[in-house]
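This is target21.cif (mmCIF, C-alpha atoms).
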```cif
data_model
#
loop_
_atom_site.label_atom_id
_atom_site.label_comp_id
_atom_site.auth_asym_id
_atom_site.auth_seq_id
_atom_site.Cartn_x
_atom_site.Cartn_y
_atom_site.Cartn_z
CA MET W 1 0.00 0.00 0.00
CA THR W 2 1.45 3.39 -1.03
CA LEU W 3 1.63 6.44 1.19
CA THR W 4 -0.64 8.29 -1.25
CA GLY W 5 -3.25 5.56 -1.06
CA THR W 6 -3.13 5.59 2.74
CA ARG W 7 -3.66 9.34 2.78
CA GLU W 8 -6.54 9.11 0.34
CA ARG W 9 -8.23 6.44 2.47
CA ALA W 10 -7.68 8.55 5.62
CA GLY W 11 -9.11 11.64 3.91
CA SER W 12 -12.07 9.65 2.63
CA GLY W 13 -12.69 8.30 6.13
CA ARG W 14 -12.62 11.78 7.64
CA ARG W 15 -15.06 13.07 5.02
CA ALA W 16 -17.39 10.16 5.69
CA ARG W 17 -17.27 10.81 9.44
CA ARG W 18 -17.91 14.52 8.92
CA GLY W 19 -20.83 13.65 6.65
CA ARG W 20 -22.35 11.38 9.30
CA ALA W 21 -21.78 13.98 12.01
CA GLY W 22 -23.43 16.61 9.82
CA ARG W 23 -26.48 14.44 9.21
CA VAL W 24 -26.79 13.72 12.93
CA ALA W 25 -26.49 17.45 13.67
CA VAL W 26 -29.30 18.29 11.24
CA ALA W 27 -31.47 15.58 12.77
CA VAL W 28 -30.80 17.01 16.24
CA TRP W 29 -31.59 20.50 14.91
CA ALA W 30 -34.96 19.40 13.52
CA ALA W 31 -35.84 17.26 16.55
CA GLY W 32 -34.87 20.02 18.97
CA ILE W 33 -37.08 22.59 17.27
CA ALA W 34 -40.00 20.15 17.07
CA ALA W 35 -39.54 19.19 20.74
CA ALA W 36 -39.44 22.84 21.84
CA PHE W 37 -42.73 23.63 20.12
CA ALA W 38 -44.35 20.37 21.27
CA ALA W 39 -43.31 20.96 24.89
CA GLY W 40 -44.45 24.57 24.66
CA TRP W 41 -47.84 23.47 23.34
CA TYR W 42 -48.18 20.95 26.18
CA LEU W 43 -47.16 23.46 28.87
CA ARG W 44 -49.54 26.07 27.55
CA ARG W 45 -52.40 23.57 27.38
CA ALA W 46 -51.65 22.58 30.98
CA GLY W 47 -51.75 26.22 32.04
CA LEU W 48 -48.07 26.25 32.95
CA ALA W 49 -46.84 28.56 30.15
CA THR W 50 -49.43 31.19 29.38
CA GLU W 51 -47.19 34.20 28.72
CA ASP W 52 -46.63 33.33 25.04
CA PRO W 53 -49.26 32.22 22.53
CA LEU W 54 -46.71 30.09 20.66
CA PRO W 55 -43.84 29.13 22.96
CA PRO W 56 -40.89 29.18 22.61
CA LEU W 57 -41.58 32.21 20.37
CA TYR W 58 -43.18 35.41 21.58
CA ALA W 59 -45.58 35.18 18.66
CA ARG W 60 -48.73 33.44 17.59
CA ALA W 61 -49.57 30.96 14.90
CA ARG W 62 -51.24 32.50 11.88
CA GLU W 63 -54.91 31.69 11.51
CA ARG W 64 -54.27 31.28 7.81
CA PRO W 65 -50.74 30.48 6.64
CA LEU W 66 -49.36 32.82 4.01
CA THR W 67 -49.37 31.40 0.48
CA TRP W 68 -49.41 33.69 -2.57
CA GLU W 69 -48.28 36.60 -0.37
CA LEU W 70 -44.89 34.92 -0.11
CA LEU W 71 -44.40 34.49 -3.86
CA PRO W 72 -42.13 37.57 -4.24
CA ALA W 73 -39.94 36.36 -1.35
CA ALA W 74 -39.89 32.83 -2.75
CA ALA W 75 -38.91 34.15 -6.18
CA PHE W 76 -36.12 36.22 -4.67
CA ALA W 77 -34.91 33.18 -2.72
CA ALA W 78 -34.89 31.00 -5.85
CA ALA W 79 -32.90 33.59 -7.77
CA ALA W 80 -30.51 34.07 -4.86
CA VAL W 81 -29.93 30.33 -4.43
CA ALA W 82 -29.10 30.08 -8.12
CA ALA W 83 -26.88 33.15 -8.34
CA LEU W 84 -25.26 33.75 -4.96
CA PRO W 85 -22.58 31.01 -4.97
CA ALA W 86 -21.29 32.14 -8.37
CA LEU W 87 -21.47 35.84 -7.51
CA ALA W 88 -19.72 35.29 -4.19
CA ALA W 89 -16.95 33.40 -5.98
CA ARG W 90 -16.46 35.78 -8.94
CA LEU W 91 -17.29 39.33 -7.91
CA PRO W 92 -14.26 41.51 -7.16
CA TRP W 93 -13.83 41.67 -3.42
CA ARG W 94 -14.28 45.45 -3.32
CA ALA W 95 -17.85 44.96 -4.61
CA LEU W 96 -18.80 41.87 -2.61
CA PRO W 97 -19.52 43.40 0.84
CA ALA W 98 -21.86 45.98 -0.74
CA ALA W 99 -23.57 43.23 -2.71
CA ALA W 100 -23.99 41.18 0.47
CA TRP W 101 -25.50 44.21 2.22
CA ALA W 102 -27.96 44.83 -0.61
CA GLY W 103 -28.91 41.16 -0.85
CA ALA W 104 -29.49 40.81 2.89
CA ALA W 105 -31.65 43.95 2.93
CA ALA W 106 -33.69 42.76 -0.06
CA TRP W 107 -34.25 39.35 1.57
CA ALA W 108 -35.41 40.87 4.87
CA VAL W 109 -37.76 43.29 3.13
CA ALA W 110 -39.12 40.62 0.78
CA LEU W 111 -40.08 38.46 3.75
CA ALA W 112 -41.59 41.31 5.77
CA VAL W 113 -43.76 42.78 3.01
CA SER W 114 -45.64 39.52 2.66
CA ASP W 115 -47.74 41.13 5.42
CA GLY W 116 -47.94 44.41 3.47
CA TRP W 117 -45.59 47.38 3.28
CA ASP W 118 -46.93 48.69 6.58
CA ALA W 119 -45.38 45.64 8.25
CA LEU W 120 -41.90 47.18 7.92
CA ALA W 121 -42.63 49.89 10.49
CA ALA W 122 -45.49 48.24 12.39
CA PRO W 123 -43.29 46.49 15.00
CA LEU W 124 -41.96 49.86 16.17
CA ASP W 125 -45.47 51.29 16.53
CA ALA W 126 -46.26 49.11 19.57
CA PRO W 127 -46.75 50.99 22.86
CA THR W 128 -44.08 48.80 24.47
CA GLU W 129 -41.37 49.78 21.96
CA TYR W 130 -38.59 52.37 22.02
CA PRO W 131 -40.32 55.10 19.94
CA ALA W 132 -43.12 55.21 22.51
CA GLY W 133 -40.58 56.37 25.07
CA LEU W 134 -39.37 59.37 23.04
CA ALA W 135 -41.91 61.72 24.61
CA GLN W 136 -40.06 61.47 27.92
CA VAL W 137 -36.72 62.31 26.28
CA ARG W 138 -37.76 65.38 24.26
CA PRO W 139 -37.95 67.92 27.12
CA GLY W 140 -34.29 67.33 27.98
CA PRO W 141 -32.16 64.32 27.00
CA LEU W 142 -29.40 65.19 29.49
CA GLU W 143 -31.85 65.25 32.38
CA TRP W 144 -33.44 62.06 31.06
CA VAL W 145 -30.07 60.27 31.08
CA ARG W 146 -29.18 61.59 34.53
CA THR W 147 -32.45 60.36 36.07
CA PHE W 148 -32.83 57.27 33.85
CA THR W 149 -32.26 54.68 36.57
CA GLU W 150 -34.35 56.29 39.29
CA ARG W 151 -37.33 56.80 36.96
CA LEU W 152 -37.02 53.42 35.25
CA GLY W 153 -40.39 52.10 36.40
CA GLY W 154 -42.26 54.77 34.44
CA TYR W 155 -40.85 53.86 31.03
CA THR W 156 -42.19 51.57 28.31
CA THR W 157 -41.28 47.89 28.43
CA HIS W 158 -38.34 47.93 26.03
CA VAL W 159 -36.95 51.22 27.32
CA ARG W 160 -37.15 49.83 30.86
CA GLY W 161 -35.32 46.66 29.85
CA HIS W 162 -32.35 48.36 28.16
CA PRO W 163 -29.76 51.07 28.76
CA PRO W 164 -30.49 54.58 27.42
CA LEU W 165 -28.58 54.44 24.13
CA PRO W 166 -31.25 52.90 21.84
CA VAL W 167 -33.74 55.65 22.66
CA LEU W 168 -31.06 58.31 22.28
CA VAL W 169 -30.30 57.00 18.78
CA LEU W 170 -33.97 57.41 17.82
CA TRP W 171 -34.04 60.84 19.47
CA ALA W 172 -31.02 61.91 17.39
CA LEU W 173 -32.73 60.57 14.26
CA GLU W 174 -35.81 62.63 15.10
CA ARG W 175 -33.71 65.73 15.73
CA ALA W 176 -32.16 65.24 12.29
CA GLY W 177 -35.64 65.59 10.77
CA LEU W 178 -36.27 61.86 10.38
CA GLY W 179 -38.86 61.32 13.08
CA GLY W 180 -41.50 58.62 13.08
CA THR W 181 -41.35 54.86 12.88
CA GLY W 182 -40.80 54.83 9.10
CA PRO W 183 -37.28 56.30 9.22
CA ALA W 184 -36.56 54.30 12.37
CA ALA W 185 -37.52 51.09 10.57
CA ALA W 186 -35.35 52.06 7.59
CA LEU W 187 -32.41 52.60 9.94
CA VAL W 188 -32.91 49.25 11.66
CA ILE W 189 -33.24 47.28 8.42
CA ALA W 190 -30.37 49.02 6.63
CA ALA W 191 -28.10 48.66 9.63
CA GLY W 192 -29.07 45.06 10.36
CA ALA W 193 -28.55 44.03 6.74
CA SER W 194 -25.15 45.75 6.67
CA ALA W 195 -23.95 43.23 9.25
CA ALA W 196 -23.66 40.69 6.41
CA ALA W 197 -20.92 42.89 4.95
CA ALA W 198 -19.27 43.49 8.33
CA VAL W 199 -19.12 39.80 9.19
CA ALA W 200 -17.74 38.97 5.73
CA VAL W 201 -15.01 41.60 6.15
CA THR W 202 -14.09 40.16 9.54
CA VAL W 203 -13.93 36.60 8.22
CA ARG W 204 -11.68 37.71 5.37
CA CYS W 205 -9.31 39.40 7.81
CA VAL W 206 -8.95 36.44 10.17
CA ALA W 207 -9.65 33.40 7.96
CA GLY W 208 -8.88 34.48 4.42
CA GLU W 209 -10.84 35.55 1.37
CA ARG W 210 -11.92 32.05 0.39
CA ALA W 211 -13.72 31.55 3.72
CA ALA W 212 -15.31 35.00 3.48
CA ARG W 213 -16.61 34.35 -0.03
CA ALA W 214 -18.01 31.00 1.08
CA ALA W 215 -19.80 32.66 4.02
CA VAL W 216 -21.48 35.44 2.02
CA PRO W 217 -24.39 33.41 0.55
CA PHE W 218 -25.32 32.14 4.01
CA LEU W 219 -25.08 35.61 5.53
CA VAL W 220 -27.43 36.96 2.84
CA LEU W 221 -30.09 34.21 2.97
CA ALA W 222 -30.07 33.81 6.75
CA PRO W 223 -33.37 32.76 8.39
CA ALA W 224 -32.67 35.50 10.95
CA ALA W 225 -33.82 37.94 8.23
CA VAL W 226 -37.36 37.35 9.50
CA TRP W 227 -36.39 39.49 12.52
CA ILE W 228 -33.99 41.89 10.79
CA ALA W 229 -37.20 43.60 9.66
CA THR W 230 -37.93 44.97 12.17
CA ALA W 231 -36.47 44.26 15.61
CA MET W 232 -34.21 46.91 17.13
CA ASP W 233 -31.79 44.10 17.94
CA ALA W 234 -30.82 44.14 14.26
CA PHE W 235 -29.35 47.58 14.87
CA PHE W 236 -27.45 46.16 17.85
CA LEU W 237 -26.08 43.42 15.57
CA ALA W 238 -24.78 46.05 13.14
CA VAL W 239 -23.02 48.14 15.79
CA ALA W 240 -21.23 45.10 17.23
CA ALA W 241 -20.44 43.65 13.80
CA TRP W 242 -18.92 46.85 12.40
CA GLY W 243 -16.96 47.42 15.60
CA THR W 244 -15.51 43.92 15.24
CA ALA W 245 -14.84 44.40 11.52
CA LEU W 246 -12.94 47.64 12.16
CA LEU W 247 -10.89 45.87 14.82
CA ALA W 248 -10.06 43.08 12.36
CA LEU W 249 -9.09 45.62 9.70
CA ALA W 250 -6.90 47.48 12.19
CA ALA W 251 -5.01 44.29 12.97
CA ARG W 252 -4.11 43.98 9.25
CA ALA W 253 -3.18 47.63 8.74
CA ALA W 254 -0.29 49.74 9.97
CA GLY W 255 0.42 53.22 11.21
CA VAL W 256 -2.26 55.89 11.43
CA ARG W 257 -4.79 53.84 9.49
CA ALA W 258 -4.53 50.97 11.96
CA ALA W 259 -4.88 53.27 14.96
CA ALA W 260 -7.87 55.08 13.45
CA ALA W 261 -9.66 51.83 12.59
CA ALA W 262 -8.96 50.43 16.07
CA ALA W 263 -10.22 53.58 17.78
CA ALA W 264 -13.38 53.62 15.65
CA GLY W 265 -13.92 49.92 16.32
CA GLY W 266 -13.43 50.50 20.03
CA LEU W 267 -15.94 53.37 19.96
CA LEU W 268 -18.59 51.10 18.42
CA LEU W 269 -17.80 48.19 20.70
CA GLY W 270 -17.99 50.52 23.68
CA CYS W 271 -21.58 51.25 22.64
CA VAL W 272 -22.56 47.58 22.80
CA PRO W 273 -23.27 47.27 26.57
CA TYR W 274 -25.16 50.59 26.42
CA LEU W 275 -27.49 49.27 23.74
CA SER W 276 -28.45 46.14 25.66
CA TYR W 277 -27.21 44.73 28.96
CA GLY W 278 -27.47 41.24 27.48
CA LEU W 279 -24.94 42.03 24.76
CA LEU W 280 -21.97 41.94 27.13
CA PRO W 281 -21.27 38.24 26.34
CA LEU W 282 -21.20 39.13 22.62
CA LEU W 283 -17.86 40.83 23.25
CA ALA W 284 -16.43 37.29 23.15
CA VAL W 285 -16.43 37.69 19.35
CA PRO W 286 -14.11 40.74 19.17
CA LEU W 287 -12.01 39.08 21.88
CA ALA W 288 -11.70 36.06 19.58
CA VAL W 289 -10.60 38.40 16.78
CA LEU W 290 -7.88 39.79 19.05
CA LEU W 291 -6.68 36.28 19.86
CA LEU W 292 -6.64 35.31 16.18
CA ALA W 293 -5.12 38.49 14.75
CA ARG W 294 -2.71 39.35 17.59
CA PRO W 295 -2.44 43.09 16.80
CA GLY W 296 0.41 45.25 18.03
CA ALA W 297 0.53 47.46 21.09
CA ALA W 298 -0.43 50.61 19.13
CA VAL W 299 -3.65 48.99 17.89
CA LEU W 300 -4.49 47.74 21.39
CA ALA W 301 -3.91 51.21 22.84
CA ALA W 302 -6.15 52.84 20.23
CA LEU W 303 -8.79 50.17 20.80
CA GLY W 304 -8.70 50.78 24.55
CA ALA W 305 -9.03 54.53 24.07
CA GLY W 306 -12.05 54.04 21.81
CA LEU W 307 -13.65 51.60 24.20
CA LEU W 308 -13.58 54.14 27.02
CA VAL W 309 -15.39 56.96 25.22
CA VAL W 310 -19.01 55.86 25.54
CA PRO W 311 -18.78 54.48 29.12
CA ALA W 312 -16.98 57.65 30.21
CA ALA W 313 -19.58 59.88 28.52
CA PHE W 314 -22.56 58.11 30.09
CA THR W 315 -20.90 58.04 33.50
CA ALA W 316 -20.19 61.77 33.27
CA LEU W 317 -23.82 62.39 32.31
CA GLY W 318 -25.02 60.56 35.42
CA PHE W 319 -25.82 57.04 34.16
CA TRP W 320 -23.83 54.39 36.02
CA TRP W 321 -24.06 51.12 34.09
CA PRO W 322 -24.01 48.72 37.10
CA ASP W 323 -26.88 50.68 38.69
CA GLY W 324 -28.82 50.33 35.45
CA VAL W 325 -28.29 46.57 35.49
CA ARG W 326 -29.51 46.30 39.07
CA ALA W 327 -32.56 48.50 38.50
CA THR W 328 -33.50 46.60 35.34
CA LEU W 329 -33.11 43.28 37.13
CA ASP W 330 -35.37 44.52 39.92
CA THR W 331 -38.11 45.51 37.48
CA TYR W 332 -37.60 42.21 35.64
CA LEU W 333 -38.09 40.15 38.81
CA VAL W 334 -41.33 41.89 39.80
CA SER W 335 -42.79 41.95 36.28
CA ARG W 336 -45.31 39.52 34.87
CA GLY W 337 -43.09 38.85 31.87
CA SER W 338 -39.94 36.84 31.37
CA ALA W 339 -39.23 36.22 35.06
CA GLN W 340 -42.46 34.20 35.30
CA ARG W 341 -41.48 31.88 32.47
CA SER W 342 -40.14 28.38 33.11
CA TYR W 343 -36.34 28.34 33.43
CA ALA W 344 -36.10 24.61 32.70
CA TYR W 345 -38.19 24.84 29.53
CA PHE W 346 -36.47 27.88 28.07
CA LEU W 347 -33.03 26.56 28.95
CA PHE W 348 -33.33 24.18 26.00
CA ALA W 349 -36.07 25.96 24.02
CA ASN W 350 -33.94 29.09 23.66
CA LEU W 351 -31.33 27.01 21.84
CA ALA W 352 -34.01 25.65 19.53
CA VAL W 353 -34.93 29.23 18.64
CA LEU W 354 -31.27 29.94 17.85
CA GLY W 355 -31.49 26.97 15.50
CA LEU W 356 -34.42 28.65 13.72
CA LEU W 357 -32.39 31.82 13.25
CA THR W 358 -29.29 30.08 11.94
CA GLY W 359 -30.92 27.28 9.96
CA PRO W 360 -30.04 23.68 9.09
CA ALA W 361 -26.94 24.61 7.09
CA THR W 362 -25.29 26.00 10.20
CA ALA W 363 -26.30 22.94 12.22
CA ARG W 364 -24.77 20.66 9.60
CA ALA W 365 -21.54 22.66 9.47
CA LEU W 366 -20.88 22.94 13.21
CA PRO W 367 -19.37 19.43 13.64
CA ALA W 368 -17.03 20.13 10.73
CA ALA W 369 -16.12 23.51 12.20
CA LEU W 370 -15.22 21.97 15.53
CA GLY W 371 -13.32 19.10 13.91
CA ARG W 372 -11.34 21.30 11.54
CA ALA W 373 -10.52 23.70 14.36
CA VAL W 374 -8.44 20.90 15.79
CA ARG W 375 -6.85 19.55 12.58
CA ASP W 376 -6.86 22.34 9.98
CA ARG W 377 -5.29 25.67 10.89
CA ALA W 378 -6.88 27.43 7.89
CA ALA W 379 -10.36 26.57 9.12
CA SER W 380 -9.90 27.21 12.81
CA PRO W 381 -10.58 31.00 12.73
CA VAL W 382 -14.07 30.38 11.35
CA ALA W 383 -14.75 27.88 14.12
CA VAL W 384 -13.39 30.28 16.74
CA LEU W 385 -15.73 33.08 15.62
CA ALA W 386 -18.76 30.79 15.57
CA CYS W 387 -17.90 29.22 18.91
CA ALA W 388 -17.35 32.63 20.52
CA ALA W 389 -20.88 33.62 19.53
CA LEU W 390 -22.27 30.31 20.78
CA LEU W 391 -20.42 30.75 24.07
CA GLY W 392 -22.13 34.13 24.49
CA VAL W 393 -25.51 32.52 23.84
CA LEU W 394 -24.85 29.78 26.39
CA VAL W 395 -23.81 32.30 29.05
CA LEU W 396 -27.04 34.25 28.61
CA ASP W 397 -29.14 31.10 28.38
CA VAL W 398 -27.78 29.58 31.58
CA SER W 399 -28.08 32.92 33.40
CA GLY W 400 -31.87 32.67 33.13
CA VAL W 401 -32.43 36.31 32.19
CA THR W 402 -33.33 35.30 28.63
CA ARG W 403 -36.49 33.30 29.14
CA GLY W 404 -38.35 33.73 25.90
CA GLU W 405 -38.36 36.48 23.26
CA VAL W 406 -34.92 35.30 22.17
CA GLU W 407 -35.89 35.31 18.49
CA ARG W 408 -34.86 38.98 18.63
CA ILE W 409 -32.29 38.73 21.45
CA TRP W 410 -30.26 36.10 19.57
CA VAL W 411 -30.08 38.16 16.35
CA PRO W 412 -26.70 39.78 17.20
CA PHE W 413 -25.27 36.34 18.05
CA ALA W 414 -26.79 34.51 15.08
CA GLY W 415 -24.91 36.69 12.59
CA TRP W 416 -21.64 35.20 13.83
CA ALA W 417 -22.82 31.61 14.27
CA LEU W 418 -23.74 31.62 10.57
CA VAL W 419 -20.09 31.83 9.52
CA ALA W 420 -19.71 28.14 10.35
CA ALA W 421 -21.69 27.44 7.19
CA SER W 422 -18.74 28.71 5.14
CA LEU W 423 -17.15 25.29 5.63
CA HIS W 424 -19.65 23.67 3.27
CA ARG W 425 -18.02 22.18 0.20
CA PRO W 426 -18.76 22.11 -2.71
CA ALA W 427 -21.15 24.87 -3.92
CA PRO W 428 -23.91 24.74 -1.29
CA ARG W 429 -27.06 25.47 -3.31
CA ALA W 430 -29.04 22.71 -1.60
CA TRP W 431 -28.16 24.05 1.85
CA LEU W 432 -28.84 27.61 0.75
CA ALA W 433 -32.25 26.45 -0.38
CA ALA W 434 -32.80 24.83 3.02
CA GLN W 435 -31.91 28.13 4.71
CA ALA W 436 -34.37 30.04 2.55
CA ALA W 437 -37.07 27.43 3.07
CA THR W 438 -36.65 27.73 6.85
CA ALA W 439 -37.19 31.50 6.70
CA LEU W 440 -40.17 31.16 4.34
CA ALA W 441 -41.77 28.53 6.58
CA VAL W 442 -41.40 30.69 9.69
CA GLN W 443 -42.83 33.72 7.89
CA ALA W 444 -45.72 31.67 6.48
CA LEU W 445 -46.74 30.05 9.78
CA VAL W 446 -45.81 32.54 12.50
CA LEU W 447 -47.06 36.08 13.11
CA SER W 448 -44.41 37.86 15.17
CA PRO W 449 -44.70 41.31 16.77
CA TRP W 450 -41.12 41.96 15.57
#
```
Target encoding structure tokens, full file:
Amino acid sequence: MTLTGTRERAGSGRRARRGRAGRVAVAVWAAGIAAAFAAGWYLRRAGLATEDPLPPLYARARERPLTWELLPAAAFAAAAVAALPALAARLPWRALPAAAWAGAAAWAVALAVSDGWDALAAPLDAPTEYPAGLAQVRPGPLEWVRTFTERLGGYTTHVRGHPPLPVLVLWALERAGLGGTGPAAALVIAAGASAAAAVAVTVRCVAGERAARAAVPFLVLAPAAVWIATAMDAFFLAVAAWGTALLALAARAAGVRAAAAAAAGGLLLGCVPYLSYGLLPLLAVPLAVLLLARPGAAVLAALGAGLLVVPAAFTALGFWWPDGVRATLDTYLVSRGSAQRSYAYFLFANLAVLGLLTGPATARALPAALGRAVRDRAASPVAVLACAALLGVLVLDVSGVTRGEVERIWVPFAGWALVAASLHRPAPRAWLAAQAATALAVQALVLSPW
């Protein structure tokens, strides 16, 4: 037996094992989602889970599933499945991130407008949402920030559950002459879709252009697009993703350009905990980028300076982040919402919802990502990014503060878990189709407030 033949047999054996592991992972993905909905149905019927009409989602089943209304989205998906692998492989890199951004935005909008064009802004019209809290900011944003924690109980649900920054962003948009939920929805969708470009840029920096090009089709046709239009968490995804992308670019650059990119990335990443308390574990992703890229001292210094800007500004204005966490936790514990939900049920059901956002292609790729992280140095950065996001999810899930409503909360994490799908070989049209079908099925069967 020749050495070449031995290597071929070993490679064939590894591919066969990865194929079996992938099939098992997809079976677990499907069974986990089915079990989460079945258990939720049983608990609700028994009167033990009455907070959500369709647990584990904070949504309800449609009385009539969408059919012809989804034809434009289905047509877009079919065209994207056919064209995206070739476009991702052949477009010049300078054009690819913009194309990914446009494709992700078109996919999110195509899904949302199956409920009519009003559906793009409708989620932000709810009395529990951030725009409803703007009236309390208008008289004086500085006073509002200074007294934010002590007056927390009088705010709308989403304002009460988050730091002040999301409302201040909408206030600034209004002050710029773009008030109302229409411009706010446009900001959320455009920003959320841009994360496809930011994640692709990051993957290229730490894992190479081939991995980034392979990831783009999955970033565009992600099932999470159902909640990109229009959950404010899509905006959170964009801020964290671009902060991480700038950090990755800084690690590859030199001189003033590297310092400027690192400072800008630090500024955005410093915003992350002030957008949502639950985003703190997401900083595992930029930490993973630091470990992979190993930038120099100048980049780290610029990053640190940028990171301090937003916390220092809010502290100077009178908002102390730890006090905000404690006050929010107090209101959470006495509310009739998430704190009343079953910890044991949502401990596993939350992960099933993450599976809905990331789709079967990601589930199939995860065993390969973990395996190649050990054996193949070229593939390990992709696995590290995906695993960093999953680690953040697990931390939040085990903490128990994310009991339900995670279809929006997981959006900033799902964008990074999706990169595992870049390990699919060869051209993954069948798995792209499965991703699109997952999103279409959710949109057809589920009516979500986001």
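Here CA of Ala172 in chain W stands at a distance of 13.1 Å from CA of Ala135 in chain W.
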Exercise. Determine the nearest neighbour of Ala293 in chain W from the options W:Arg326, W:Leu111, W:Gly140, W:Thr244, counting only C-alpha atoms.
Key: W:Thr244
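With only C-alpha atoms as the atoms that count, the residue of W:Pro412, W:Pro55, W:Leu354, W:Phe148 with the shortest distance to Ser276 in chain W is W:Pro412.
Between CA of Ala238 in chain W and CA of Arg341 in chain W the interatomic distance comes to 29.2 Å.
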Practice problem: Write out as a VMD selection string each polymer residue whose atoms come within 9 Å of Thr402 in chain W, counting only C-alpha atoms; drop sequence neighbours fewer than 3 positions from it. | Solution: chain W and resid 278 338 to 339 343 346 to 347 350 396 to 399 405 to 406 409
Quiz item: Using the chain letters and numbers from the file, which residues does the PyMOL selection byres ((chain W and resi 280-292) around 10) grab, as a ChimeraX atom specification?
Solution: /W:202-203,205-207,237,240-241,243-248,251,265-266,269-270,272-279,293-296,300,380-381,384-396,412-413,416
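Applied to the file shown here, the PyMOL selection byres ((chain W and resi 87) around 10) selects the residues Ala80, Ala82, Ala83, Leu84, Pro85, Ala86, Ala88, Ala89, Arg90, Leu91, Pro92, Leu96, Ala99, Ala100, Arg213, Val216 and Pro217 of chain W.
Across the model, the gap from CA of Pro449 in chain W to CA of Pro123 in chain W is 5.7 Å.
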Practice problem: I need the residue set behind the PyMOL selection byres ((chain W and resi 169) around 12) for this file; please write it as a PyMOL selection string. | Solution: chain W and resi 130-131+134+137+141+163-168+170-176+178-179+183-184+187-188+232+235-236+239+271+274-275
Exercise. Considering only C-alpha atoms, return as a PyMOL selection string whatever protein or nucleic-acid residues lie within 12 Å of Asp125 in chain W, sequence-local ones (same chain, fewer than 6 positions apart) excluded.
Key: chain W and resi 118-119+131-133+180-182+184-185+230-231+449-450
Take range 173-177 of chain W, model all heavy atoms, and hand the result over as a PDB file, keeping the file's coordinate frame.
```
ATOM      1  N   LEU W 173     -32.133  60.706  15.594  1.00  0.00           N
ATOM      2  CA  LEU W 173     -32.730  60.570  14.260  1.00  0.00           C
ATOM      3  C   LEU W 173     -33.880  61.555  14.096  1.00  0.00           C
ATOM      4  O   LEU W 173     -34.019  62.205  13.049  1.00  0.00           O
ATOM      5  CB  LEU W 173     -33.213  59.127  14.079  1.00  0.00           C
ATOM      6  CG  LEU W 173     -33.565  58.667  12.667  1.00  0.00           C
ATOM      7  CD1 LEU W 173     -32.321  58.632  11.793  1.00  0.00           C
ATOM      8  CD2 LEU W 173     -34.211  57.281  12.710  1.00  0.00           C
ATOM      9  N   GLU W 174     -34.697  61.679  15.119  1.00  0.00           N
ATOM     10  CA  GLU W 174     -35.810  62.630  15.100  1.00  0.00           C
ATOM     11  C   GLU W 174     -35.301  64.059  15.004  1.00  0.00           C
ATOM     12  O   GLU W 174     -35.834  64.874  14.242  1.00  0.00           O
ATOM     13  CB  GLU W 174     -36.658  62.438  16.352  1.00  0.00           C
ATOM     14  CG  GLU W 174     -37.913  63.278  16.407  1.00  0.00           C
ATOM     15  CD  GLU W 174     -38.710  62.986  17.667  1.00  0.00           C
ATOM     16  OE1 GLU W 174     -38.322  63.482  18.743  1.00  0.00           O
ATOM     17  OE2 GLU W 174     -39.712  62.256  17.573  1.00  0.00           O
ATOM     18  N   ARG W 175     -34.280  64.385  15.767  1.00  0.00           N
ATOM     19  CA  ARG W 175     -33.710  65.730  15.730  1.00  0.00           C
ATOM     20  C   ARG W 175     -33.115  66.058  14.372  1.00  0.00           C
ATOM     21  O   ARG W 175     -33.032  67.227  13.972  1.00  0.00           O
ATOM     22  CB  ARG W 175     -32.647  65.879  16.812  1.00  0.00           C
ATOM     23  CG  ARG W 175     -33.178  65.826  18.223  1.00  0.00           C
ATOM     24  CD  ARG W 175     -33.926  67.084  18.598  1.00  0.00           C
ATOM     25  NE  ARG W 175     -33.029  68.240  18.701  1.00  0.00           N
ATOM     26  CZ  ARG W 175     -33.427  69.473  18.957  1.00  0.00           C
ATOM     27  NH1 ARG W 175     -34.732  69.717  19.106  1.00  0.00           N
ATOM     28  NH2 ARG W 175     -32.550  70.474  19.041  1.00  0.00           N
ATOM     29  N   ALA W 176     -32.700  65.046  13.639  1.00  0.00           N
ATOM     30  CA  ALA W 176     -32.160  65.240  12.290  1.00  0.00           C
ATOM     31  C   ALA W 176     -33.260  65.394  11.245  1.00  0.00           C
ATOM     32  O   ALA W 176     -32.963  65.500  10.049  1.00  0.00           O
ATOM     33  CB  ALA W 176     -31.253  64.072  11.926  1.00  0.00           C
ATOM     34  N   GLY W 177     -34.520  65.421  11.692  1.00  0.00           N
ATOM     35  CA  GLY W 177     -35.640  65.590  10.770  1.00  0.00           C
ATOM     36  C   GLY W 177     -36.204  64.292  10.242  1.00  0.00           C
ATOM     37  O   GLY W 177     -36.982  64.294   9.283  1.00  0.00           O
TER      38      GLY W 177
END
```
